[in-house]
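Colleague: Structure file coords_10.txt (compact mmCIF, C-alpha atoms) right here:
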```txt
# COMPACT_ATOMS: atom_id res chain seq x y z
CA MET T 54 190.34 42.02 71.89
CA ASN T 55 192.87 44.65 70.80
CA SER T 56 193.96 45.61 67.31
CA ASN T 57 197.03 43.32 67.47
CA ASP T 58 194.78 40.33 68.02
CA LEU T 59 193.01 41.22 64.78
CA ALA T 60 196.18 41.51 62.74
CA TYR T 61 197.35 38.81 60.39
CA GLU T 62 200.49 38.35 62.49
CA GLY T 63 202.87 36.15 60.47
CA LEU T 64 200.44 36.05 57.50
CA ALA T 65 200.18 39.81 56.86
CA PRO T 66 200.35 40.50 53.12
CA CYS T 67 202.98 42.73 51.57
CA GLU T 68 201.75 46.30 51.96
CA ASP T 69 202.76 47.21 48.41
CA TYR T 70 200.48 44.54 47.00
CA GLU T 71 197.55 44.06 49.39
CA PHE T 72 195.22 46.58 47.74
CA GLU T 73 195.82 45.17 44.27
CA LEU T 74 195.52 41.62 45.57
CA VAL T 75 191.91 42.41 46.49
CA GLU T 76 191.33 43.89 43.03
CA LEU T 77 192.79 40.69 41.62
CA VAL T 78 190.34 38.63 43.69
CA ASP T 79 187.51 40.82 42.37
CA GLY T 80 188.70 40.34 38.78
CA GLU T 81 189.19 44.08 38.45
CA LEU T 82 192.94 44.02 37.91
CA THR T 83 193.95 43.61 34.29
CA GLY T 84 196.87 44.14 31.92
CA ASP T 85 200.52 44.34 32.88
CA ARG T 86 199.78 45.16 36.51
CA ALA T 87 197.78 41.96 36.91
CA THR T 88 200.75 39.98 35.56
CA VAL T 89 203.13 41.69 37.99
CA VAL T 90 200.85 41.10 40.99
CA GLN T 91 200.18 37.49 39.97
CA ARG T 92 203.95 36.87 39.66
CA HIS T 93 204.45 38.29 43.16
CA LEU T 94 201.61 36.16 44.48
CA ASP T 95 203.17 33.00 43.08
CA GLY T 96 206.31 33.64 45.08
CA CYS T 97 204.88 35.01 48.35
CA GLY T 98 203.27 32.69 50.91
CA ARG T 99 201.91 35.52 53.09
CA CYS T 100 200.15 37.13 50.13
CA ARG T 101 198.77 33.73 49.05
CA ALA T 102 197.33 33.26 52.57
CA PHE T 103 195.81 36.73 52.39
CA VAL T 104 194.26 36.03 48.99
CA ARG T 105 192.91 32.72 50.30
CA ASP T 106 191.22 34.57 53.19
CA MET T 107 189.89 37.23 50.83
CA ARG T 108 188.41 34.62 48.50
CA SER T 109 186.88 32.87 51.48
CA ILE T 110 185.32 36.05 52.91
CA ASP T 111 184.17 37.05 49.41
CA ALA T 112 182.38 33.71 48.93
CA SER T 113 180.90 33.86 52.44
CA LEU T 114 179.58 37.40 51.92
CA ALA T 115 178.11 36.54 48.54
CA ASP T 116 176.35 33.59 50.17
CA ALA T 117 175.32 35.36 53.38
CA LEU T 118 174.00 38.70 52.18
CA PRO T 119 170.35 38.31 51.23
CA GLN T 120 169.41 38.95 47.61
CA VAL T 121 166.41 41.16 48.18
CA GLN T 122 163.73 41.71 45.55
CA LEU T 123 160.75 44.01 45.26
CA SER T 124 157.39 42.40 45.84
CA ALA T 125 155.38 41.34 42.81
CA ASP T 126 152.73 44.04 43.23
CA PHE T 127 155.23 46.90 43.54
CA ASP T 128 154.57 48.34 40.06
CA ALA T 129 150.80 48.13 40.45
CA ARG T 130 150.91 49.95 43.78
CA LEU T 131 153.22 52.62 42.37
CA HIS T 132 150.98 53.20 39.36
CA ASP T 133 147.90 53.42 41.59
CA ARG T 134 149.63 56.05 43.67
CA ILE T 135 150.73 58.03 40.62
CA ALA T 136 147.23 57.80 39.13
CA GLN T 137 145.77 59.08 42.39
CA LEU T 138 148.17 62.02 42.36
CA SER T 139 147.41 62.70 38.69
CA ARG T 140 143.68 62.86 39.42
CA ALA T 141 144.30 65.51 42.03
CA VAL T 142 144.54 69.03 40.67
CA PRO T 143 147.57 69.02 38.37
CA LYS T 144 150.29 71.14 39.91
CA GLU T 145 150.67 73.36 36.80
CA VAL T 146 146.98 74.20 36.98
CA ALA T 147 147.17 74.80 40.72
CA ARG T 148 150.23 76.96 40.29
CA ALA T 149 148.66 78.99 37.45
CA ALA T 150 145.55 79.53 39.57
CA ALA T 151 147.64 80.62 42.54
CA GLU T 152 149.63 83.03 40.35
CA GLU T 153 146.45 84.51 38.84
CA GLU T 154 145.00 84.99 42.30
CA TYR T 155 148.20 86.70 43.39
CA ARG T 156 148.18 88.97 40.34
CA SER T 157 144.51 89.92 40.76
CA THR T 158 145.10 90.68 44.45
CA LEU T 159 147.99 92.94 43.47
CA ARG T 160 145.78 94.67 40.86
CA GLU T 161 143.04 95.25 43.41
CA LEU T 162 145.51 96.56 45.92
CA ARG T 163 147.00 98.90 43.33
CA GLN T 164 143.53 100.22 42.34
CA GLY T 165 142.59 100.60 45.98
CA PHE T 166 145.81 102.47 46.61
CA THR T 167 145.09 104.92 43.78
CA TRP T 168 141.57 105.58 45.03
CA ARG T 169 142.82 105.91 48.59
CA VAL T 170 145.43 108.51 47.57
CA ALA T 171 142.86 110.49 45.57
CA LEU T 172 140.26 110.39 48.35
CA ASN T 173 142.85 111.31 50.95
CA ALA T 174 143.99 114.27 48.84
CA MET T 175 140.40 115.46 48.40
CA GLY T 176 139.72 114.98 52.11
CA ALA T 177 142.84 116.86 53.06
CA ALA T 178 141.88 119.74 50.80
CA ALA T 179 138.31 119.87 52.17
CA ILE T 180 139.41 119.71 55.80
CA GLY T 181 142.13 122.27 55.15
CA ALA T 182 139.59 124.63 53.61
CA ALA T 183 137.14 124.10 56.47
CA VAL T 184 139.82 124.66 59.09
CA ALA T 185 141.07 127.78 57.31
CA SER T 186 137.53 129.12 57.03
CA ALA T 187 136.82 128.35 60.69
CA LEU T 188 140.08 129.91 61.75
CA GLY T 189 139.25 132.97 59.63
CA ALA T 190 135.89 133.28 61.35
CA MET T 191 137.23 132.60 64.82
CA ALA T 192 140.44 134.55 64.50
CA PRO T 193 139.09 137.92 65.72
CA VAL T 194 137.38 136.29 68.74
CA ALA T 195 140.45 134.19 69.55
CA LEU T 196 142.72 137.19 69.19
CA GLN T 197 140.53 139.24 71.48
CA SER T 198 140.57 136.41 74.06
CA MET T 199 144.34 136.12 73.91
CA VAL T 200 144.75 139.86 74.27
CA ALA T 201 142.38 139.74 77.25
CA LEU T 202 144.51 136.98 78.82
CA GLU T 203 147.76 138.94 78.37
CA PRO T 204 147.48 140.73 81.75
CA LEU T 205 147.41 137.25 83.43
CA GLY T 206 150.99 136.56 82.26
CA GLY T 207 150.68 135.05 78.77
CA SER T 208 151.31 136.45 75.34
CA VAL T 209 149.47 136.12 72.01
CA GLY T 210 152.61 134.67 70.36
CA LEU T 211 152.93 132.00 73.08
CA TYR T 212 149.25 130.92 72.74
CA VAL T 213 149.51 130.65 68.93
CA ALA T 214 152.74 128.64 69.20
CA ALA T 215 151.20 126.25 71.79
CA ILE T 216 148.14 125.60 69.57
CA ALA T 217 150.39 124.98 66.53
CA VAL T 218 152.64 122.50 68.42
CA ALA T 219 149.64 120.59 69.83
CA GLY T 220 148.10 120.37 66.34
CA GLY T 221 151.41 119.26 64.82
CA LEU T 222 151.78 116.44 67.37
CA LEU T 223 148.23 115.14 67.25
CA ALA T 224 147.52 115.26 63.52
CA PRO T 225 150.14 112.65 62.36
CA ARG T 226 149.06 110.21 65.10
CA MET T 227 145.44 110.46 64.08
CA LEU T 228 146.34 109.95 60.45
CA ARG T 229 148.54 106.94 61.24
CA ARG T 230 145.86 105.31 63.35
CA SER T 231 143.14 105.75 60.77
CA GLY T 232 145.38 104.86 57.80
CA GLY T 233 144.45 108.12 56.13
CA PHE T 234 141.80 110.69 56.70
CA PRO T 235 138.97 109.17 58.71
CA LEU T 236 135.95 108.01 56.68
CA LEU T 237 137.72 108.59 53.38
CA GLY T 238 140.51 106.01 53.20
CA MET H 188 167.17 52.86 27.31
CA GLY H 189 169.03 55.86 28.74
CA THR H 190 168.88 57.76 25.49
CA ALA H 191 165.16 57.05 25.09
CA ILE H 192 164.54 58.50 28.56
CA GLU H 193 166.65 61.53 27.71
CA ALA H 194 164.77 62.01 24.42
CA HIS H 195 161.40 61.98 26.20
CA LEU H 196 162.68 64.37 28.84
CA ALA H 197 164.08 66.75 26.24
CA ALA H 198 160.70 66.73 24.47
CA GLY H 199 158.83 67.38 27.72
CA ARG H 200 157.17 63.95 27.67
CA HIS H 201 157.73 63.43 31.37
CA ASP H 202 155.13 60.71 31.89
CA ARG H 203 156.60 58.60 29.08
CA ALA H 204 160.09 59.17 30.47
CA PHE H 205 158.85 58.07 33.89
CA ASP H 206 157.38 54.89 32.41
CA LEU H 207 160.91 53.97 31.28
CA ILE H 208 162.61 55.19 34.45
CA VAL H 209 160.65 52.83 36.72
CA PRO H 210 161.87 49.52 35.19
CA GLU H 211 165.34 50.95 34.65
CA TYR H 212 165.97 52.19 38.18
CA LYS H 213 163.53 50.61 40.64
CA ASP H 214 165.71 47.62 41.56
CA ARG H 215 168.82 49.67 42.18
CA VAL H 216 166.83 52.23 44.15
CA PHE H 217 165.42 49.37 46.22
CA ARG H 218 168.84 47.80 46.82
CA LEU H 219 170.29 51.14 47.87
CA ALA H 220 167.32 51.70 50.20
CA TRP H 221 167.76 48.22 51.62
CA THR H 222 171.47 48.76 52.32
CA MET H 223 170.64 51.95 54.18
CA LEU H 224 167.49 50.89 56.03
CA LYS H 225 168.31 47.17 56.47
CA ASN H 226 164.65 46.32 56.45
CA ARG H 227 162.81 44.95 53.46
CA ALA H 228 159.42 46.57 54.05
CA ALA H 229 160.96 49.95 54.90
CA ALA H 230 163.18 49.73 51.80
CA GLU H 231 160.16 49.00 49.59
CA ASP H 232 158.24 51.93 51.07
CA ALA H 233 161.28 54.17 50.52
CA THR H 234 161.48 52.98 46.91
CA GLN H 235 157.83 53.91 46.36
CA GLU H 236 158.39 57.28 47.98
CA THR H 237 161.53 57.92 45.94
CA LEU H 238 159.84 57.14 42.64
CA VAL H 239 156.84 59.31 43.49
CA ARG H 240 159.25 62.14 44.27
CA VAL H 241 161.04 61.51 40.99
CA TRP H 242 157.69 61.65 39.15
CA LYS H 243 156.78 64.94 40.83
CA ALA H 244 160.17 66.53 40.27
CA LEU H 245 160.80 65.24 36.74
CA PRO H 246 159.44 68.40 35.01
CA GLY H 247 162.07 70.38 36.92
CA PHE H 248 164.97 68.03 36.09
CA ASP H 249 167.34 70.17 34.05
CA GLY H 250 169.86 67.50 33.05
CA ARG H 251 172.78 69.21 34.77
CA ALA H 252 173.33 66.04 36.82
CA GLN H 253 173.19 62.51 35.44
CA LEU H 254 169.67 61.12 35.78
CA GLY H 255 170.92 58.15 37.82
CA THR H 256 172.96 60.37 40.13
CA TRP H 257 169.88 62.52 40.68
CA ILE H 258 167.60 59.55 41.37
CA TYR H 259 170.05 57.93 43.81
CA ALA H 260 170.48 61.27 45.59
CA ILE H 261 166.69 61.42 46.06
CA THR H 262 166.81 57.82 47.32
CA ARG H 263 169.52 58.60 49.86
CA ASN H 264 167.62 61.67 51.08
CA THR H 265 164.42 59.66 51.40
CA CYS H 266 166.22 56.98 53.42
CA LEU H 267 168.03 59.53 55.58
CA MET H 268 164.68 61.13 56.42
CA GLU H 269 163.36 57.70 57.39
CA LEU H 270 166.44 57.04 59.53
CA ARG H 271 166.05 60.43 61.23
CA LYS H 272 162.45 59.56 62.06
CA ARG H 273 163.66 56.37 63.71
CA ARG H 274 166.57 57.92 65.62
CA PRO H 275 164.80 58.84 68.88
CA THR H 276 163.81 55.21 69.41
CA VAL H 277 167.16 53.61 68.53
CA SER H 278 168.03 50.96 71.04
CA PHE H 279 170.00 47.86 70.22
CA ASP H 280 169.22 46.46 73.67
CA ASP H 281 165.49 46.64 73.11
CA PRO H 282 164.37 43.50 71.23
CA ASP H 283 161.28 45.34 69.99
CA SER H 284 163.27 48.25 68.53
CA HIS H 285 163.15 48.79 64.78
CA GLU H 286 166.91 48.18 64.51
CA ALA H 287 166.77 44.95 66.44
CA GLN H 288 163.89 43.74 64.30
CA ALA H 289 165.68 44.90 61.17
CA ALA H 290 168.82 43.04 62.17
CA ALA H 291 166.76 39.94 62.88
CA ALA H 292 164.91 40.35 59.58
CA SER H 293 168.13 40.80 57.62
CA ILE H 294 169.40 37.54 59.07
CA ALA H 295 166.08 35.78 58.66
CA THR H 296 165.70 36.65 54.96
CA GLY H 297 168.69 34.53 53.95
CA PRO H 298 168.50 31.07 52.47
CA ALA H 299 168.73 29.07 55.71
CA SER H 300 169.81 29.44 59.30
CA ASP H 301 173.54 28.93 59.53
CA PRO H 302 175.61 29.98 62.58
CA GLU H 303 178.67 30.87 60.50
CA ARG H 304 176.59 32.93 58.13
CA ASP H 305 174.71 34.64 60.96
CA ASN H 306 178.00 35.43 62.63
CA LEU H 307 179.37 36.97 59.44
CA LEU H 308 176.26 39.17 59.14
CA ARG H 309 176.79 40.28 62.72
CA LEU H 310 180.39 41.14 61.87
CA VAL H 311 179.20 43.19 58.89
CA GLU H 312 177.01 45.13 61.32
CA THR H 313 180.14 46.15 63.26
CA LEU H 314 181.68 47.90 60.24
CA PRO H 315 181.38 51.69 59.84
CA PRO H 316 178.13 52.59 58.01
CA ASN H 317 179.83 53.63 54.76
CA GLN H 318 181.74 50.32 54.61
CA GLN H 319 178.55 48.37 55.37
CA GLU H 320 176.72 50.12 52.55
CA ALA H 321 179.56 49.53 50.11
CA VAL H 322 179.82 45.84 51.00
CA ARG H 323 176.08 45.18 50.86
CA LEU H 324 175.71 47.00 47.55
CA PHE H 325 178.77 45.34 46.05
CA TYR H 326 177.27 41.88 46.53
CA LEU H 327 173.80 43.03 45.47
CA GLU H 328 175.19 44.66 42.33
CA ASP H 329 177.02 41.59 41.02
CA ARG H 330 180.39 42.72 42.42
CA SER H 331 180.51 45.86 40.26
CA TYR H 332 182.70 48.65 41.62
CA GLU H 333 181.21 51.04 39.05
CA ALA H 334 177.62 50.31 40.06
CA VAL H 335 178.43 50.88 43.74
CA ALA H 336 180.23 54.14 42.90
CA GLU H 337 177.28 55.36 40.83
CA VAL H 338 174.63 54.43 43.37
CA LEU H 339 176.54 55.81 46.36
CA GLY H 340 177.65 58.89 44.41
CA MET H 341 181.30 58.25 45.28
CA PRO H 342 184.49 58.20 43.20
CA LEU H 343 185.55 54.74 42.07
CA GLY H 344 188.77 54.91 44.10
CA THR H 345 186.82 55.64 47.28
CA VAL H 346 184.59 52.63 46.70
CA LYS H 347 187.58 50.35 46.06
CA ASN H 348 189.19 51.60 49.25
CA LEU H 349 186.00 51.09 51.30
CA LEU H 350 185.58 47.57 49.98
CA PHE H 351 189.22 46.73 50.56
CA ARG H 352 189.18 47.96 54.18
CA ALA H 353 185.81 46.38 54.91
CA ARG H 354 186.73 42.92 53.68
CA LYS H 355 190.19 43.00 55.20
CA LYS H 356 188.60 43.85 58.52
CA LEU H 357 185.98 41.12 58.11
CA ALA H 358 188.68 38.59 57.26
CA GLU H 359 190.59 39.63 60.37
CA LEU H 360 187.51 39.41 62.55
CA ALA H 361 186.38 36.09 61.13
CA ARG H 362 189.81 34.47 61.13
CA PRO H 363 190.14 33.57 64.86
CA GLU H 364 186.69 31.98 64.79
CA ARG H 365 187.52 29.99 61.68
CA VAL H 366 190.71 28.80 63.35
CA GLU H 367 188.76 27.90 66.49
CA ALA H 368 186.12 26.13 64.44
CA ALA H 369 188.75 24.08 62.55
```
Would you give me this structure, written as structure tokens?
Modeller:
Amino acid sequence: MNSNDLAYEGLAPCEDYEFELVELVDGELTGDRATVVQRHLDGCGRCRAFVRDMRSIDASLADALPQVQLSADFDARLHDRIAQLSRAVPKEVARAAAEEEYRSTLRELRQGFTWRVALNAMGAAAIGAAVASALGAMAPVALQSMVALEPLGGSVGLYVAAIAVAGGLLAPRMLRRSGGFPLLG
Amino acid sequence: MGTAIEAHLAAGRHDRAFDLIVPEYKDRVFRLAWTMLKNRAAAEDATQETLVRVWKALPGFDGRAQLGTWIYAITRNTCLMELRKRRPTVSFDDPDSHEAQAAAASIATGPASDPERDNLLRLVETLPPNQQEAVRLFYLEDRSYEAVAEVLGMPLGTVKNLLFRARKKLAELARPERVEAA
């Protein structure tokens, strides 16, 4: 079946009026425009046929489409469900509790952070002092060793630079891995 | 009724507002759900779900949209979620499919078995979904263009146009059979 088979053929309504003819059938067209359309309808057989079909399909649809209704116990079931949800922890209370928990966690983290910074600073100072003291004590021995190694092809400056570079590379990695100075953070 | 609901909402009395919302909107919510889901039980479940969602969300309703518009939007979303759940199993050829059962149920819930009536319902099923919804709602809502426009969230002109095209098409489709039957 093609679209031409579906057309009204000789009974097609006037295009200028067809939309308003349906409004007229629905009782939605009022005032002067209704009078104009009705006057046209009285004198136009094709539009009268169209209106007849529209009234027929309107009545058939009104008759055919089921008038559905909610079941009698709908309200009772809804209220049971709402009551059940109300008995559960009210969402304002749950939300307030969640927010308080979040705030207290933040407070603890902040306090922990402060202590961590202080302990790390103290640790750094202590280790620095110990290293400096050890270096002070070992410096003459180390210097003598380096001087003794000089005839083998090295130089004191080179040995000191190598130790400094190795220390510089290793220290940040150790700190990153431990999240601060070991045993203090 | 509308102003009483608004007054309760403005005063933060959400439970009292909800008590008025249920009788005011449940039938329209149900009819909209039925036009979308085409199955009575599914439409009733969707109505329950919609109203529970309304109850939960009511404290956050800020009044920027009309209450009805907001409730019908929740209804449409609820039904669309239900339709999406069904989609993987859609098969009109399968007599056990939800759609096939829904189509059978929609025919079976009418007043009496009537071949002409059943045929018309089948023709309605061939219309585009937006025209089907408009037609079904129009006859459920006592032929009110305004009610259909409000429930579907469409401009009045769009609803008129949908209803015009739908019924013209139905008249065209039904005409040859009426001529044959005569």
Colleague: Mind dumping a table of every chain H residue within 9 Å of chain T, with the nearest atom pair and its distance in Å to one decimal, using all atoms listed in the file, sorted by chain and rising number, as a tab-separated table?
Modeller:
```
residue	atom	partner	partner_atom	distance
H:Val209	CA	T:Asp128	CA	8.3
H:Pro210	CA	T:Asp128	CA	8.9
H:Lys213	CA	T:Leu123	CA	8.5
H:Asp214	CA	T:Leu123	CA	7.2
H:Phe217	CA	T:Leu123	CA	7.2
H:Arg218	CA	T:Val121	CA	7.2
H:Trp221	CA	T:Val121	CA	8.0
H:Arg227	CA	T:Val121	CA	7.4
H:Glu231	CA	T:Leu123	CA	6.6
H:Gln235	CA	T:Leu131	CA	6.2
H:Glu236	CA	T:Leu131	CA	8.9
H:Leu238	CA	T:Leu131	CA	8.0
H:Val239	CA	T:Ile135	CA	6.9
H:Trp242	CA	T:Ile135	CA	8.0
H:Ser293	CA	T:Pro119	CA	7.2
H:Ile294	CA	T:Pro119	CA	7.9
H:Ala295	CA	T:Pro119	CA	8.9
H:Thr296	CA	T:Pro119	CA	6.2
H:Gly297	CA	T:Pro119	CA	4.9
H:Pro298	CA	T:Pro119	CA	7.6
H:Glu303	CA	T:Ser113	CA	8.9
H:Arg304	CA	T:Ala117	CA	5.5
H:Asp305	CA	T:Ala117	CA	7.6
H:Leu307	CA	T:Ala117	CA	7.5
H:Leu308	CA	T:Ala117	CA	7.0
H:Val322	CA	T:Leu114	CA	8.5
H:Arg323	CA	T:Leu118	CA	6.9
H:Tyr326	CA	T:Ala115	CA	5.8
H:Leu327	CA	T:Gln120	CA	6.4
H:Arg330	CA	T:Asp79	CA	7.4
H:Ser331	CA	T:Asp79	CA	8.9
H:Tyr332	CA	T:Glu81	CA	8.5
H:Lys347	CA	T:Glu76	CA	8.1
H:Asn348	CA	T:Phe72	CA	8.0
H:Leu350	CA	T:Val75	CA	8.9
H:Phe351	CA	T:Val75	CA	6.5
H:Arg352	CA	T:Phe72	CA	8.9
H:Arg354	CA	T:Ile110	CA	7.1
H:Lys355	CA	T:Met107	CA	7.2
H:Lys356	CA	T:Leu59	CA	8.1
H:Leu357	CA	T:Ile110	CA	7.3
H:Ala358	CA	T:Ile110	CA	6.1
H:Glu359	CA	T:Leu59	CA	5.3
H:Leu360	CA	T:Leu59	CA	6.2
H:Ala361	CA	T:Ile110	CA	8.3
H:Arg362	CA	T:Asp106	CA	8.1
H:Pro363	CA	T:Leu59	CA	8.2
```
Colleague: What is the atom CA of T:Asn173 to atom CA of T:Leu188 distance in Å?
Modeller: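 Going from atom CA of T:Asn173 over to atom CA of T:Leu188 covers 21.7 Å.
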Colleague: What does the distance between atom CA of H:Val241 and atom CA of H:Ile258 come to in Å, to one decimal place?
Modeller: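 These two atoms are separated by 6.9 Å.
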Colleague: State, in Å with one decimal place, the distance from atom CA of H:Ala197 to atom CA of H:Asp249.
Modeller: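 Here the two named atoms are 9.1 Å from each other.
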Colleague: Output as AutoDock Vina command-line options the centre and edge lengths (Å, one decimal) of the box along x, y and z of the file that holds every listed atom of stretch 343-348 of chain H after adding 6 Å on each side.
Modeller:
```
--center_x 186.9 --center_y 53.0 --center_z 45.7 --size_x 16.6 --size_y 17.3 --size_z 19.2
```
